[in-house]
$ cat upload.txt   # compact mmCIF, C-alpha atoms and all ligand atoms
# COMPACT_ATOMS: atom_id res chain seq x y z
CA MET A 27 -20.16 -152.49 145.18
CA MET A 28 -17.40 -150.70 147.03
CA GLY A 29 -18.61 -147.89 149.26
CA GLU A 30 -21.92 -149.45 150.27
CA GLY A 31 -23.10 -147.78 153.47
CA TYR A 32 -20.64 -144.91 153.06
CA LYS A 33 -22.00 -141.59 154.31
CA VAL A 34 -20.61 -138.09 154.08
CA SER A 35 -20.50 -135.86 157.17
CA GLU A 36 -23.30 -133.43 157.96
CA ALA A 37 -21.01 -130.48 157.27
CA VAL A 38 -20.18 -131.72 153.78
CA GLN A 39 -23.81 -132.53 153.07
CA LYS A 40 -24.81 -129.03 154.11
CA VAL A 41 -22.31 -127.51 151.64
CA TYR A 42 -23.73 -129.61 148.83
CA ASP A 43 -27.35 -128.82 149.72
CA ARG A 44 -26.48 -125.16 149.55
CA LEU A 45 -24.58 -125.47 146.27
CA ALA A 46 -27.40 -127.44 144.67
CA ASN A 47 -29.80 -124.58 145.37
CA GLU A 48 -27.54 -121.82 144.09
CA SER A 49 -28.66 -120.44 140.73
CA ALA A 50 -25.17 -119.95 139.23
CA VAL A 51 -24.36 -123.56 140.13
CA LYS A 52 -27.58 -124.80 138.55
CA THR A 53 -26.73 -122.78 135.43
CA GLY A 54 -23.36 -124.54 135.24
CA ILE A 55 -24.92 -128.00 135.65
CA GLU A 56 -27.49 -127.26 132.93
CA PHE A 57 -24.80 -125.82 130.71
CA LEU A 58 -22.88 -129.11 130.83
CA ALA A 59 -25.90 -131.12 129.66
CA ALA A 60 -26.40 -128.64 126.80
CA ASP A 61 -22.67 -128.72 125.99
CA HIS A 62 -22.69 -132.52 125.52
CA SER A 63 -22.30 -132.56 121.71
CA ALA A 64 -19.65 -129.86 121.78
CA THR A 65 -17.73 -131.79 124.45
CA VAL A 66 -17.82 -134.97 122.35
CA ALA A 67 -16.77 -133.07 119.20
CA GLU A 68 -13.82 -131.64 121.10
CA GLN A 69 -12.93 -135.11 122.42
CA ILE A 70 -12.75 -136.35 118.81
CA ALA A 71 -10.60 -133.39 117.77
CA ILE A 72 -8.20 -133.99 120.69
CA ASN A 73 -7.94 -137.68 119.88
CA GLU A 74 -7.02 -136.98 116.27
CA VAL A 75 -3.90 -135.13 117.41
CA ALA A 76 -1.68 -138.16 118.07
CA ALA A 77 0.14 -138.36 121.42
CA PRO A 78 2.50 -141.37 121.44
CA PRO A 79 4.55 -142.07 124.59
CA PHE A 80 7.21 -139.37 125.04
CA LYS A 81 5.87 -137.56 121.95
CA GLU A 82 2.88 -135.73 123.38
CA ASN A 83 3.99 -132.26 122.38
CA GLU A 84 1.73 -131.67 119.40
CA ARG A 85 -1.30 -132.54 121.49
CA ALA A 86 0.08 -130.53 124.42
CA LEU A 87 0.29 -127.39 122.28
CA PHE A 88 -3.19 -128.04 120.87
CA TYR A 89 -4.53 -128.35 124.42
CA MET A 90 -2.66 -125.30 125.65
CA ALA A 91 -4.32 -123.20 122.94
CA LYS A 92 -7.72 -124.41 124.23
CA LEU A 93 -6.82 -123.38 127.79
CA GLN A 94 -5.85 -119.96 126.44
CA GLU A 95 -9.10 -119.60 124.47
CA LEU A 96 -11.03 -120.35 127.65
CA GLY A 97 -9.39 -117.37 129.30
CA LEU A 98 -7.38 -119.07 132.03
CA ALA A 99 -4.61 -116.99 133.62
CA ASP A 100 -0.88 -117.79 133.39
CA VAL A 101 -1.31 -120.45 130.71
CA GLN A 102 2.07 -122.08 130.21
CA GLN A 103 4.05 -125.17 129.32
CA ASP A 104 6.71 -126.38 131.76
CA ASP A 105 10.06 -127.95 130.90
CA GLU A 106 8.68 -131.50 131.14
CA GLY A 107 5.93 -130.70 128.60
CA ASN A 108 2.88 -130.27 130.88
CA VAL A 109 0.46 -127.47 129.97
CA PHE A 110 -1.74 -125.66 132.46
CA GLY A 111 -3.45 -122.41 133.44
CA VAL A 112 -5.31 -120.96 136.41
CA PHE A 113 -8.99 -120.27 137.03
CA ARG A 114 -8.68 -117.61 139.69
CA GLY A 115 -10.75 -117.54 142.85
CA CYS A 116 -11.49 -114.39 144.81
CA GLY A 117 -8.51 -115.04 147.07
CA ASN A 118 -7.19 -116.76 150.16
CA GLY A 119 -8.66 -120.13 149.31
CA PRO A 120 -6.99 -123.49 148.69
CA ARG A 121 -5.31 -124.24 145.36
CA LEU A 122 -6.58 -127.34 143.59
CA PHE A 123 -4.87 -128.94 140.58
CA VAL A 124 -7.06 -130.81 138.08
CA SER A 125 -5.47 -132.56 135.12
CA ALA A 126 -5.84 -135.33 132.56
CA HIS A 127 -2.96 -137.15 130.93
CA LEU A 128 -2.14 -136.19 127.35
CA ASP A 129 -0.26 -139.34 126.40
CA THR A 130 -1.56 -142.57 124.93
CA VAL A 131 0.04 -146.03 124.81
CA PHE A 132 0.01 -146.06 121.00
CA ALA A 133 3.05 -145.87 118.73
CA GLU A 134 3.58 -143.03 116.30
CA ALA A 135 2.21 -144.69 113.18
CA THR A 136 -1.13 -145.66 114.78
CA ASP A 137 -4.24 -144.38 112.99
CA VAL A 138 -6.09 -142.27 115.58
CA THR A 139 -8.89 -141.15 113.26
CA VAL A 140 -12.24 -141.52 115.02
CA LYS A 141 -14.92 -143.63 113.33
CA GLU A 142 -18.56 -143.55 114.38
CA ARG A 143 -20.80 -146.62 114.21
CA ASP A 144 -24.24 -146.95 115.81
CA GLY A 145 -23.61 -144.01 118.11
CA LYS A 146 -20.30 -145.38 119.37
CA LEU A 147 -16.91 -143.85 118.66
CA TYR A 148 -14.01 -146.09 117.66
CA ALA A 149 -10.36 -145.04 117.87
CA PRO A 150 -7.28 -145.86 119.95
CA GLY A 151 -7.23 -143.41 122.88
CA ILE A 152 -10.77 -142.08 122.42
CA ALA A 153 -11.72 -143.06 125.98
CA ASP A 154 -8.27 -143.14 127.64
CA ASN A 155 -7.73 -140.29 127.75
CA ALA A 156 -9.28 -138.01 125.12
CA ARG A 157 -12.44 -138.14 127.23
CA GLY A 158 -10.66 -136.93 130.37
CA LEU A 159 -9.06 -134.05 128.48
CA ALA A 160 -12.38 -133.01 126.90
CA ALA A 161 -14.26 -133.28 130.21
CA ILE A 162 -11.88 -130.77 131.80
CA LEU A 163 -12.41 -128.22 128.99
CA ALA A 164 -16.19 -128.62 129.38
CA VAL A 165 -15.91 -127.95 133.12
CA ILE A 166 -13.92 -124.76 132.50
CA ARG A 167 -16.57 -123.60 130.01
CA ALA A 168 -19.26 -124.29 132.63
CA LEU A 169 -17.38 -122.25 135.24
CA ARG A 170 -17.14 -119.37 132.76
CA SER A 171 -20.69 -119.43 131.47
CA SER A 172 -22.29 -119.83 134.92
CA GLY A 173 -20.41 -116.80 136.26
CA VAL A 174 -19.75 -118.70 139.49
CA GLN A 175 -17.09 -117.05 141.67
CA THR A 176 -14.86 -119.55 143.44
CA VAL A 177 -12.91 -118.78 146.61
CA GLY A 178 -9.85 -120.91 145.86
CA ASP A 179 -7.86 -121.14 142.62
CA ILE A 180 -8.19 -124.12 140.31
CA VAL A 181 -5.21 -125.00 138.12
CA PHE A 182 -6.38 -126.93 135.05
CA GLY A 183 -4.02 -128.81 132.80
CA GLY A 184 -2.95 -131.63 130.55
CA ASN A 185 0.05 -133.59 131.79
CA VAL A 186 2.55 -135.79 129.98
CA GLY A 187 3.97 -139.21 130.80
CA GLU A 188 1.26 -141.14 132.65
CA GLU A 189 1.29 -144.37 130.66
CA GLY A 190 3.80 -147.22 130.93
CA LEU A 191 7.43 -146.23 131.01
CA GLY A 192 6.33 -142.57 131.08
CA ASP A 193 6.34 -143.46 134.78
CA LEU A 194 4.33 -140.39 135.88
CA ARG A 195 7.14 -138.10 134.73
CA GLY A 196 4.71 -135.23 134.02
CA ILE A 197 2.99 -135.28 137.37
CA LYS A 198 6.30 -135.83 139.20
CA ALA A 199 7.72 -132.70 137.54
CA PHE A 200 4.60 -130.68 138.27
CA PHE A 201 4.60 -131.44 141.99
CA ARG A 202 8.35 -130.88 142.16
CA ASP A 203 7.94 -127.39 140.65
CA ASN A 204 4.65 -126.39 142.30
CA THR A 205 4.76 -126.74 146.06
CA ASP A 206 1.62 -124.63 146.66
CA ILE A 207 -0.98 -127.25 145.64
CA ASP A 208 -3.48 -128.33 148.34
CA GLY A 209 -5.30 -131.08 146.48
CA TYR A 210 -5.32 -132.95 143.17
CA ILE A 211 -7.87 -134.58 140.90
CA THR A 212 -6.92 -136.62 137.86
CA VAL A 213 -9.62 -137.16 135.27
CA ASP A 214 -8.83 -140.56 133.82
CA GLY A 215 -11.14 -143.29 132.56
CA VAL A 216 -14.81 -142.79 131.79
CA LYS A 217 -17.29 -144.48 134.16
CA GLU A 218 -18.75 -141.48 135.98
CA GLN A 219 -19.80 -143.44 139.09
CA ILE A 220 -16.22 -144.21 140.05
CA ILE A 221 -14.21 -142.38 142.72
CA THR A 222 -10.71 -143.76 143.34
CA TYR A 223 -8.85 -142.78 146.50
CA LEU A 224 -6.38 -145.70 146.82
CA ALA A 225 -3.31 -146.07 144.65
CA THR A 226 -1.47 -149.20 143.62
CA GLY A 227 2.25 -148.66 143.78
CA SER A 228 4.62 -150.37 141.40
CA ARG A 229 8.33 -150.83 141.04
CA ARG A 230 9.69 -152.12 137.75
CA TYR A 231 13.19 -153.41 137.19
CA GLU A 232 15.33 -154.43 134.29
CA ILE A 233 17.65 -157.15 135.62
CA THR A 234 20.64 -158.26 133.56
CA TYR A 235 23.05 -161.12 134.28
CA ARG A 236 26.40 -160.91 132.52
CA GLY A 237 29.26 -163.40 132.25
CA PRO A 238 32.15 -164.36 129.97
CA GLY A 239 30.11 -166.44 127.52
CA GLY A 240 31.74 -169.09 125.33
CA HIS A 241 31.34 -172.20 123.22
CA SER A 242 28.93 -174.73 124.68
CA TRP A 243 31.42 -177.60 124.15
CA ASN A 244 34.87 -176.09 124.15
CA ALA A 245 34.26 -173.64 127.00
CA PHE A 246 32.10 -175.96 129.10
CA GLY A 247 32.69 -175.18 132.77
CA LEU A 248 32.03 -171.45 132.52
CA PRO A 249 28.99 -170.07 134.36
CA SER A 250 26.03 -169.00 132.19
CA ALA A 251 24.07 -165.75 132.36
CA ILE A 252 20.92 -167.57 131.27
CA HIS A 253 21.34 -170.26 133.92
CA ALA A 254 21.76 -167.55 136.55
CA LEU A 255 18.64 -165.79 135.29
CA GLY A 256 16.76 -169.10 135.42
CA ARG A 257 17.82 -169.62 139.05
CA ALA A 258 16.58 -166.11 139.87
CA ILE A 259 13.21 -166.65 138.19
CA ALA A 260 12.72 -169.96 140.01
CA LYS A 261 13.33 -168.21 143.35
CA ILE A 262 11.04 -165.27 142.50
CA GLY A 263 8.33 -167.75 141.52
CA GLU A 264 8.31 -169.11 145.09
CA VAL A 265 7.86 -165.74 146.81
CA ARG A 266 4.66 -165.45 148.88
CA THR A 267 2.75 -162.15 149.06
CA PRO A 268 -0.37 -161.14 151.00
CA SER A 269 -3.74 -161.05 149.25
CA GLN A 270 -4.70 -158.14 151.53
CA PRO A 271 -3.31 -155.59 150.84
CA LYS A 272 -3.02 -157.06 147.36
CA THR A 273 0.64 -157.45 146.44
CA THR A 274 1.83 -159.01 143.18
CA PHE A 275 4.89 -159.81 141.10
CA THR A 276 5.67 -161.07 137.66
CA VAL A 277 8.65 -161.55 135.37
CA GLY A 278 7.08 -159.93 132.33
CA THR A 279 9.67 -160.58 129.63
CA ILE A 280 13.01 -162.35 129.25
CA THR A 281 15.71 -161.94 126.61
CA GLY A 282 19.30 -163.12 126.21
CA GLY A 283 21.81 -165.58 124.80
CA THR A 284 23.56 -165.76 121.47
CA SER A 285 22.82 -169.19 119.96
CA VAL A 286 21.87 -172.72 120.90
CA ASN A 287 25.53 -173.77 121.16
CA SER A 288 26.76 -170.84 123.24
CA ILE A 289 27.09 -170.39 126.98
CA ALA A 290 25.12 -167.20 127.37
CA ALA A 291 27.07 -164.00 128.05
CA ASP A 292 23.95 -162.03 128.95
CA ALA A 293 20.34 -162.53 129.95
CA SER A 294 17.73 -160.00 131.07
CA MET A 295 14.25 -159.84 132.45
CA LEU A 296 11.69 -157.13 133.12
CA LEU A 297 10.18 -157.49 136.56
CA ASP A 298 6.96 -155.88 137.76
CA LEU A 299 6.23 -155.58 141.51
CA ARG A 300 2.98 -154.05 142.77
CA SER A 301 1.09 -153.44 145.96
CA ALA A 302 -1.77 -151.39 147.37
CA SER A 303 0.53 -150.75 150.35
CA GLU A 304 3.83 -148.92 150.17
CA ALA A 305 5.15 -150.95 153.15
CA GLU A 306 4.32 -154.29 151.49
CA LEU A 307 5.81 -153.08 148.22
CA LYS A 308 9.09 -152.20 149.96
CA LYS A 309 9.11 -155.57 151.71
CA LEU A 310 8.56 -157.45 148.46
CA GLU A 311 11.19 -155.38 146.69
CA THR A 312 13.79 -156.04 149.38
CA GLU A 313 13.10 -159.77 149.30
CA VAL A 314 13.21 -160.07 145.52
CA LEU A 315 16.33 -157.95 145.07
CA ALA A 316 18.20 -160.10 147.60
CA LEU A 317 17.30 -163.24 145.62
CA LEU A 318 18.95 -161.82 142.51
CA GLN A 319 22.41 -161.86 144.07
CA VAL A 320 21.82 -165.31 145.59
CA ALA A 321 21.09 -166.63 142.09
CA ALA A 322 24.35 -165.16 140.76
CA ASP A 323 26.27 -166.61 143.73
CA GLU A 324 24.78 -170.08 143.21
CA GLU A 325 25.60 -170.08 139.50
CA ASN A 326 29.17 -169.00 140.26
CA ALA A 327 29.53 -171.60 143.05
CA ARG A 328 28.27 -174.37 140.74
CA TRP A 329 31.23 -173.77 138.40
CA GLY A 330 33.79 -172.53 140.91
CA SER A 331 33.76 -169.10 139.32
CA SER A 332 33.04 -165.49 140.21
CA ALA A 333 32.40 -164.32 136.66
CA ILE A 334 28.61 -163.85 136.73
CA ARG A 335 27.48 -160.38 137.77
CA VAL A 336 23.98 -158.97 138.11
CA GLU A 337 22.97 -155.45 137.10
CA ILE A 338 19.80 -154.02 138.58
CA LYS A 339 18.13 -151.04 136.94
CA LEU A 340 14.97 -149.36 138.20
CA VAL A 341 12.81 -148.54 135.17
CA GLY A 342 9.51 -147.71 136.87
CA ASP A 343 8.59 -146.21 140.20
CA ARG A 344 5.01 -145.35 141.12
CA PRO A 345 4.45 -144.93 144.83
CA ALA A 346 1.45 -146.57 146.50
CA GLY A 347 -1.02 -144.32 148.28
CA GLU A 348 -3.27 -145.08 151.21
CA GLN A 349 -5.77 -142.41 152.22
CA SER A 350 -8.79 -142.34 154.47
CA PRO A 351 -12.16 -142.43 152.68
CA ASP A 352 -13.20 -139.71 155.15
CA LEU A 353 -10.91 -137.10 153.60
CA PRO A 354 -12.89 -134.02 152.51
CA ILE A 355 -11.80 -134.57 148.89
CA VAL A 356 -13.38 -138.04 148.90
CA GLN A 357 -16.52 -136.86 150.71
CA ALA A 358 -16.91 -133.95 148.31
CA ALA A 359 -16.76 -136.22 145.27
CA TRP A 360 -19.29 -138.58 146.84
CA ALA A 361 -21.76 -135.80 147.74
CA ALA A 362 -21.31 -134.13 144.34
CA SER A 363 -22.04 -137.43 142.63
CA GLU A 364 -25.27 -137.90 144.57
CA ALA A 365 -26.26 -134.30 143.86
CA VAL A 366 -26.15 -134.92 140.11
CA ALA A 367 -27.93 -138.29 140.49
CA VAL A 368 -24.89 -140.41 139.64
CA PRO A 369 -24.82 -143.28 142.19
CA PRO A 370 -21.23 -143.08 143.51
CA GLU A 371 -18.95 -146.10 143.82
CA PHE A 372 -15.41 -146.47 145.11
CA GLY A 373 -13.05 -147.95 142.54
CA PRO A 374 -10.36 -150.46 143.58
CA ALA A 375 -6.80 -149.24 144.16
CA SER A 376 -5.36 -148.32 140.80
CA SER A 377 -2.32 -146.75 139.22
CA THR A 378 -2.85 -143.19 137.96
CA ASP A 379 -1.33 -139.73 138.20
CA ALA A 380 -3.01 -139.43 141.62
CA ASN A 381 -0.44 -141.89 143.06
CA LEU A 382 2.23 -139.27 143.23
CA PRO A 383 0.49 -136.50 145.23
CA MET A 384 -0.98 -139.18 147.55
CA SER A 385 2.53 -140.39 148.33
CA LEU A 386 3.45 -136.78 149.20
CA GLY A 387 0.52 -136.54 151.61
CA ILE A 388 -1.48 -134.27 149.29
CA PRO A 389 -5.16 -135.30 149.14
CA ALA A 390 -5.83 -136.73 145.69
CA ILE A 391 -8.50 -138.70 143.86
CA ARG A 392 -9.28 -139.99 140.42
CA LEU A 393 -12.59 -139.05 138.82
CA CYS A 394 -13.78 -140.11 135.38
CA GLY A 395 -14.89 -138.22 132.30
CA GLY A 396 -18.28 -139.91 131.83
CA GLY A 397 -19.65 -142.47 129.36
CA ALA A 398 -18.81 -146.10 128.65
CA GLU A 399 -15.77 -147.71 127.07
CA GLY A 400 -14.27 -150.98 125.95
CA ASN A 401 -10.95 -152.49 124.82
CA ASN A 402 -8.92 -149.63 126.17
CA HIS A 403 -5.17 -149.70 125.44
CA SER A 404 -5.99 -151.68 122.28
CA LEU A 405 -6.50 -150.69 118.65
CA ASP A 406 -10.19 -151.64 119.03
CA GLU A 407 -10.83 -149.10 121.79
CA TRP A 408 -14.38 -147.71 121.72
CA TYR A 409 -16.34 -145.05 123.57
CA ASP A 410 -20.08 -144.66 124.08
CA PRO A 411 -21.03 -141.04 124.80
CA ALA A 412 -24.62 -141.73 125.93
CA ASN A 413 -25.36 -139.45 128.92
CA ALA A 414 -21.64 -138.83 129.34
CA TYR A 415 -22.22 -135.19 130.41
CA ARG A 416 -22.88 -136.52 133.91
CA GLY A 417 -19.11 -137.01 134.23
CA PRO A 418 -18.31 -133.28 133.80
CA GLN A 419 -21.32 -132.37 135.98
CA LYS A 420 -19.95 -134.44 138.84
CA ILE A 421 -16.45 -132.99 138.41
CA PHE A 422 -17.79 -129.41 138.25
CA LEU A 423 -19.71 -129.81 141.50
CA THR A 424 -16.83 -131.61 143.24
CA LEU A 425 -14.50 -128.72 142.43
CA LEU A 426 -16.94 -126.08 143.68
CA GLY A 427 -17.35 -127.80 147.04
CA LEU A 428 -13.60 -128.17 147.43
CA VAL A 429 -12.53 -124.61 146.58
CA GLY A 430 -15.69 -122.92 147.87
CA VAL A 431 -18.09 -120.48 146.22
CA ALA A 432 -18.02 -116.82 147.29
CA GLY A 433 -21.03 -115.96 149.42
CA VAL A 434 -22.31 -119.55 149.38
CA SER A 435 -19.88 -122.04 150.88
CA GLU A 436 -16.51 -122.17 152.56
CA PRO A 437 -13.87 -124.38 150.87
CA LEU A 438 -13.94 -128.01 152.03
CA LEU A 439 -10.31 -128.45 150.97
CA ALA A 440 -7.86 -127.28 153.63
CA LYS A 441 -4.84 -125.18 152.80
CA ARG A 442 -1.69 -127.11 153.66
CA GLY A 443 0.79 -125.65 156.16
ZN ZN B 1 -5.51 -143.24 131.45
$ encode --input "upload.txt" --output "structure tokens"
Amino acid sequence: MMGEGYKVSEAVQKVYDRLANESAVKTGIEFLAADHSATVAEQIAINEVAAPPFKENERALFYMAKLQELGLADVQQDDEGNVFGVFRGCGNGPRLFVSAHLDTVFAEATDVTVKERDGKLYAPGIADNARGLAAILAVIRALRSSGVQTVGDIVFGGNVGEEGLGDLRGIKAFFRDNTDIDGYITVDGVKEQIITYLATGSRRYEITYRGPGGHSWNAFGLPSAIHALGRAIAKIGEVRTPSQPKTTFTVGTITGGTSVNSIAADASMLLDLRSASEAELKKLETEVLALLQVAADEENARWGSSAIRVEIKLVGDRPAGEQSPDLPIVQAAWAASEAVAVPPEFGPASSTDANLPMSLGIPAIRLCGGGAEGNNHSLDEWYDPANAYRGPQKIFLTLLGLVGVAGVSEPLLAKRG
């Protein structure tokens, strides 16, 4: 288990001991257990509003109405499609952003109706990320019903564009437009034990070789786009990357050519490069991109030509993030987890909305919505809500420690510059 032997500082522990004994905080924690069925019902309702990639707006508007009903201030939708509102603190505290992604990986025609069997819920997206979205609404309800007065502001929202070629467009736009955020938590995934503070970066490219093309017999002697692509793939296949920090590459798909008896005029591949370290990712990217031109040059040299060209298009860019596990935001999540009797665990580096703020130097973690799941990103996705309220309980308590509670604890999250 990752995080074995990890200990929070005395100062952080003191904050959590105090919070755990505060009656408004206890009321909020109890509320979340009692709210379990309502949270799950809301999760089902959210899931049944489809949110295909780049077409999240119906769900966004549905979610925005919920934020309004819960009485948040300044509820709005930005130009990118994100929806959010503010739970106001009593002033002068840090400003924390908490969001879950609205989008799914599923195409428009997918049936997102939720079916229940033996206590489990079955539907594409029901865990990733209808659970995260519902967990956030439950936490806002708990803040309201407990009457707890925070010091700092908490901005709660649903963001667009996390999955696949969405390429974090929602969270990128949010942090571009809102420069006053001191910390970020994404609620993504379900297993409530997990705290993720490391982010896998990725760079994705569409690479296309182009040439004159021609008849395989009559035009023999012309360079081929497919042969150039093949040379490139062979070179990429020989690249060596470190296992620590884990750094990976793959040519995910290839397309091209016209027919069996044609010299190919075009050939493309989609290339995925990843690393837990931004420096290693850059190094790998530089090495691989240089090989692409070498492959074109070799194909041209083979036929005494200069006709093959390579086009390189960046189609995905998620920065890697390396943070210390001793950051207050990580310690707070750990202590909050222990306080609600959820044995905390650090998750491996992963790729979520938290990547982006981390790369900007803004403390960020991923927490989960609670429960168990299987087959996520597939049509057979399922969710088990047994004891899932412990997810929202952990999030609720993490937030309170970070933004502070008036008369009880100072914020653990620092205001930036
Ligand atoms: Zn997700």
$ residues_around --input "upload.txt" --residues "stretch 431-438 of chain A" --least-positions-apart "2" --cutoff "9 Å" --atoms "only C-alpha atoms" --output "compact mmCIF listing (two decimals) with C-alpha atoms, in the frame of the given file"
# COMPACT_ATOMS: atom_id res chain seq x y z
CA VAL A 38 -20.18 -131.72 153.78
CA VAL A 41 -22.31 -127.51 151.64
CA TYR A 42 -23.73 -129.61 148.83
CA ARG A 44 -26.48 -125.16 149.55
CA LEU A 45 -24.58 -125.47 146.27
CA GLU A 48 -27.54 -121.82 144.09
CA GLY A 115 -10.75 -117.54 142.85
CA CYS A 116 -11.49 -114.39 144.81
CA GLY A 119 -8.66 -120.13 149.31
CA PRO A 120 -6.99 -123.49 148.69
CA VAL A 174 -19.75 -118.70 139.49
CA GLN A 175 -17.09 -117.05 141.67
CA THR A 176 -14.86 -119.55 143.44
CA VAL A 177 -12.91 -118.78 146.61
CA GLY A 178 -9.85 -120.91 145.86
CA PRO A 354 -12.89 -134.02 152.51
CA ILE A 355 -11.80 -134.57 148.89
CA ALA A 358 -16.91 -133.95 148.31
CA LEU A 426 -16.94 -126.08 143.68
CA GLY A 427 -17.35 -127.80 147.04
CA LEU A 428 -13.60 -128.17 147.43
CA VAL A 429 -12.53 -124.61 146.58
CA ALA A 440 -7.86 -127.28 153.63
$ closest_atom_pairs --input "upload.txt" --of "chain A" --to "ligand ZN 1 (chain B)" --cutoff "10 Å" --atoms "only C-alpha atoms and all ligand atoms" --output "Markdown table"
| residue | atom | partner | partner_atom | distance |
| --- | --- | --- | --- | --- |
| A:Ala126 | CA | B:ZN1 | ZN | 8.0 |
| A:His127 | CA | B:ZN1 | ZN | 6.6 |
| A:Leu128 | CA | B:ZN1 | ZN | 8.8 |
| A:Asp129 | CA | B:ZN1 | ZN | 8.3 |
| A:Thr130 | CA | B:ZN1 | ZN | 7.7 |
| A:Val131 | CA | B:ZN1 | ZN | 9.1 |
| A:Gly151 | CA | B:ZN1 | ZN | 8.7 |
| A:Ala153 | CA | B:ZN1 | ZN | 8.3 |
| A:Asp154 | CA | B:ZN1 | ZN | 4.7 |
| A:Asn155 | CA | B:ZN1 | ZN | 5.2 |
| A:Ala156 | CA | B:ZN1 | ZN | 9.0 |
| A:Arg157 | CA | B:ZN1 | ZN | 9.6 |
| A:Gly158 | CA | B:ZN1 | ZN | 8.2 |
| A:Glu188 | CA | B:ZN1 | ZN | 7.2 |
| A:Glu189 | CA | B:ZN1 | ZN | 6.9 |
| A:Thr212 | CA | B:ZN1 | ZN | 9.3 |
| A:Val213 | CA | B:ZN1 | ZN | 8.3 |
| A:Asp214 | CA | B:ZN1 | ZN | 4.9 |
| A:Gly215 | CA | B:ZN1 | ZN | 5.7 |
| A:Val216 | CA | B:ZN1 | ZN | 9.3 |
| A:Ser377 | CA | B:ZN1 | ZN | 9.1 |
| A:Thr378 | CA | B:ZN1 | ZN | 7.0 |
| A:Asp379 | CA | B:ZN1 | ZN | 8.7 |
| A:Cys394 | CA | B:ZN1 | ZN | 9.7 |
| A:Asn402 | CA | B:ZN1 | ZN | 9.0 |
| A:His403 | CA | B:ZN1 | ZN | 8.8 |
$ residues_around --input "upload.txt" --residues "A:Ile391" --least-positions-apart "2" --cutoff "8 Å" --atoms "all atoms listed in the file" --output "list in words"
Tyr210, Ile211, Thr212, Ile221, Thr222, Tyr223, Leu224, Ile355, Val356, Ala380, Pro389 and Leu393 of chain A
$ atom_distance --input "upload.txt" --atom1 "atom CA of A:Ile152" --atom2 "atom CA of A:Gln69"
7.3 Å
$ residues_near_point --input "upload.txt" --point "(13.8, -167.9, 133.7)" --cutoff "10 Å" --atoms "only C-alpha atoms" --output "ChimeraX atom specification"
/A:252-263,277,279-281,293-295
$ residues_around --input "upload.txt" --residues "A:Glu56" --least-positions-apart "3" --cutoff "10 Å" --atoms "only C-alpha atoms" --output "VMD selection string"
chain A and resid 50 to 53 59 to 61 168 172 415 419
$ closest_residue --input "upload.txt" --among "A:Ala375, A:Ala367, A:Ala164, A:Gly190" --to "A:Lys272" --atoms "all atoms listed in the file"
A:Ala375
$ residues_around --input "upload.txt" --residues "A:Glu218" --least-positions-apart "4" --cutoff "10 Å" --atoms "all atoms listed in the file" --output "list in words"
Ser363, Val368, Pro369, Pro370, Glu371, Leu393, Cys394, Gly395, Gly396, Gly397, Ala398, Asn413, Ala414, Tyr415, Arg416, Gly417, Pro418, Gln419, Lys420 and Ile421 of chain A
$ atom_distance --input "upload.txt" --atom1 "atom CA of A:Leu439" --atom2 "atom CA of A:Gly209"
7.2 Å
$ closest_residue --input "upload.txt" --among "A:Gly29, A:Gly184, A:Gly240, A:Gly227" --to "A:Glu106" --atoms "only C-alpha atoms"
A:Gly184
$ closest_residue --input "upload.txt" --among "A:Ile55, A:Ala86, A:Leu96, A:Ala361" --to "A:Ala37" --atoms "all atoms listed in the file"
A:Ala361
$ decode --input "upload.txt" --residues "stretch 229-237 of chain A" --atoms "N, CA and C atoms" --output "PDB file, in the first residue's frame"
ATOM      1  N   ARG A 229       1.581  13.674 -23.666  1.00  0.00           N
ATOM      2  CA  ARG A 229       1.579  14.481 -24.885  1.00  0.00           C
ATOM      3  C   ARG A 229       1.134  13.524 -25.988  1.00  0.00           C
ATOM      4  N   ARG A 230       0.150  13.965 -26.765  1.00  0.00           N
ATOM      5  CA  ARG A 230      -0.347  13.096 -27.838  1.00  0.00           C
ATOM      6  C   ARG A 230      -0.206  13.819 -29.155  1.00  0.00           C
ATOM      7  N   TYR A 231       0.265  13.069 -30.151  1.00  0.00           N
ATOM      8  CA  TYR A 231       0.510  13.658 -31.465  1.00  0.00           C
ATOM      9  C   TYR A 231      -0.177  12.876 -32.567  1.00  0.00           C
ATOM     10  N   GLU A 232      -0.637  13.626 -33.546  1.00  0.00           N
ATOM     11  CA  GLU A 232      -1.038  13.008 -34.812  1.00  0.00           C
ATOM     12  C   GLU A 232       0.078  13.324 -35.798  1.00  0.00           C
ATOM     13  N   ILE A 233       0.722  12.273 -36.315  1.00  0.00           N
ATOM     14  CA  ILE A 233       1.859  12.433 -37.211  1.00  0.00           C
ATOM     15  C   ILE A 233       1.422  11.966 -38.598  1.00  0.00           C
ATOM     16  N   THR A 234       1.633  12.796 -39.598  1.00  0.00           N
ATOM     17  CA  THR A 234       1.245  12.407 -40.963  1.00  0.00           C
ATOM     18  C   THR A 234       2.416  12.573 -41.928  1.00  0.00           C
ATOM     19  N   TYR A 235       2.722  11.501 -42.647  1.00  0.00           N
ATOM     20  CA  TYR A 235       3.708  11.577 -43.732  1.00  0.00           C
ATOM     21  C   TYR A 235       2.951  11.757 -45.042  1.00  0.00           C
ATOM     22  N   ARG A 236       3.449  12.680 -45.866  1.00  0.00           N
ATOM     23  CA  ARG A 236       2.805  12.886 -47.171  1.00  0.00           C
ATOM     24  C   ARG A 236       3.859  12.851 -48.274  1.00  0.00           C
ATOM     25  N   GLY A 237       3.448  12.320 -49.433  1.00  0.00           N
ATOM     26  CA  GLY A 237       4.339  12.259 -50.592  1.00  0.00           C
ATOM     27  C   GLY A 237       3.513  12.317 -51.863  1.00  0.00           C
TER      28      GLY A 237
END
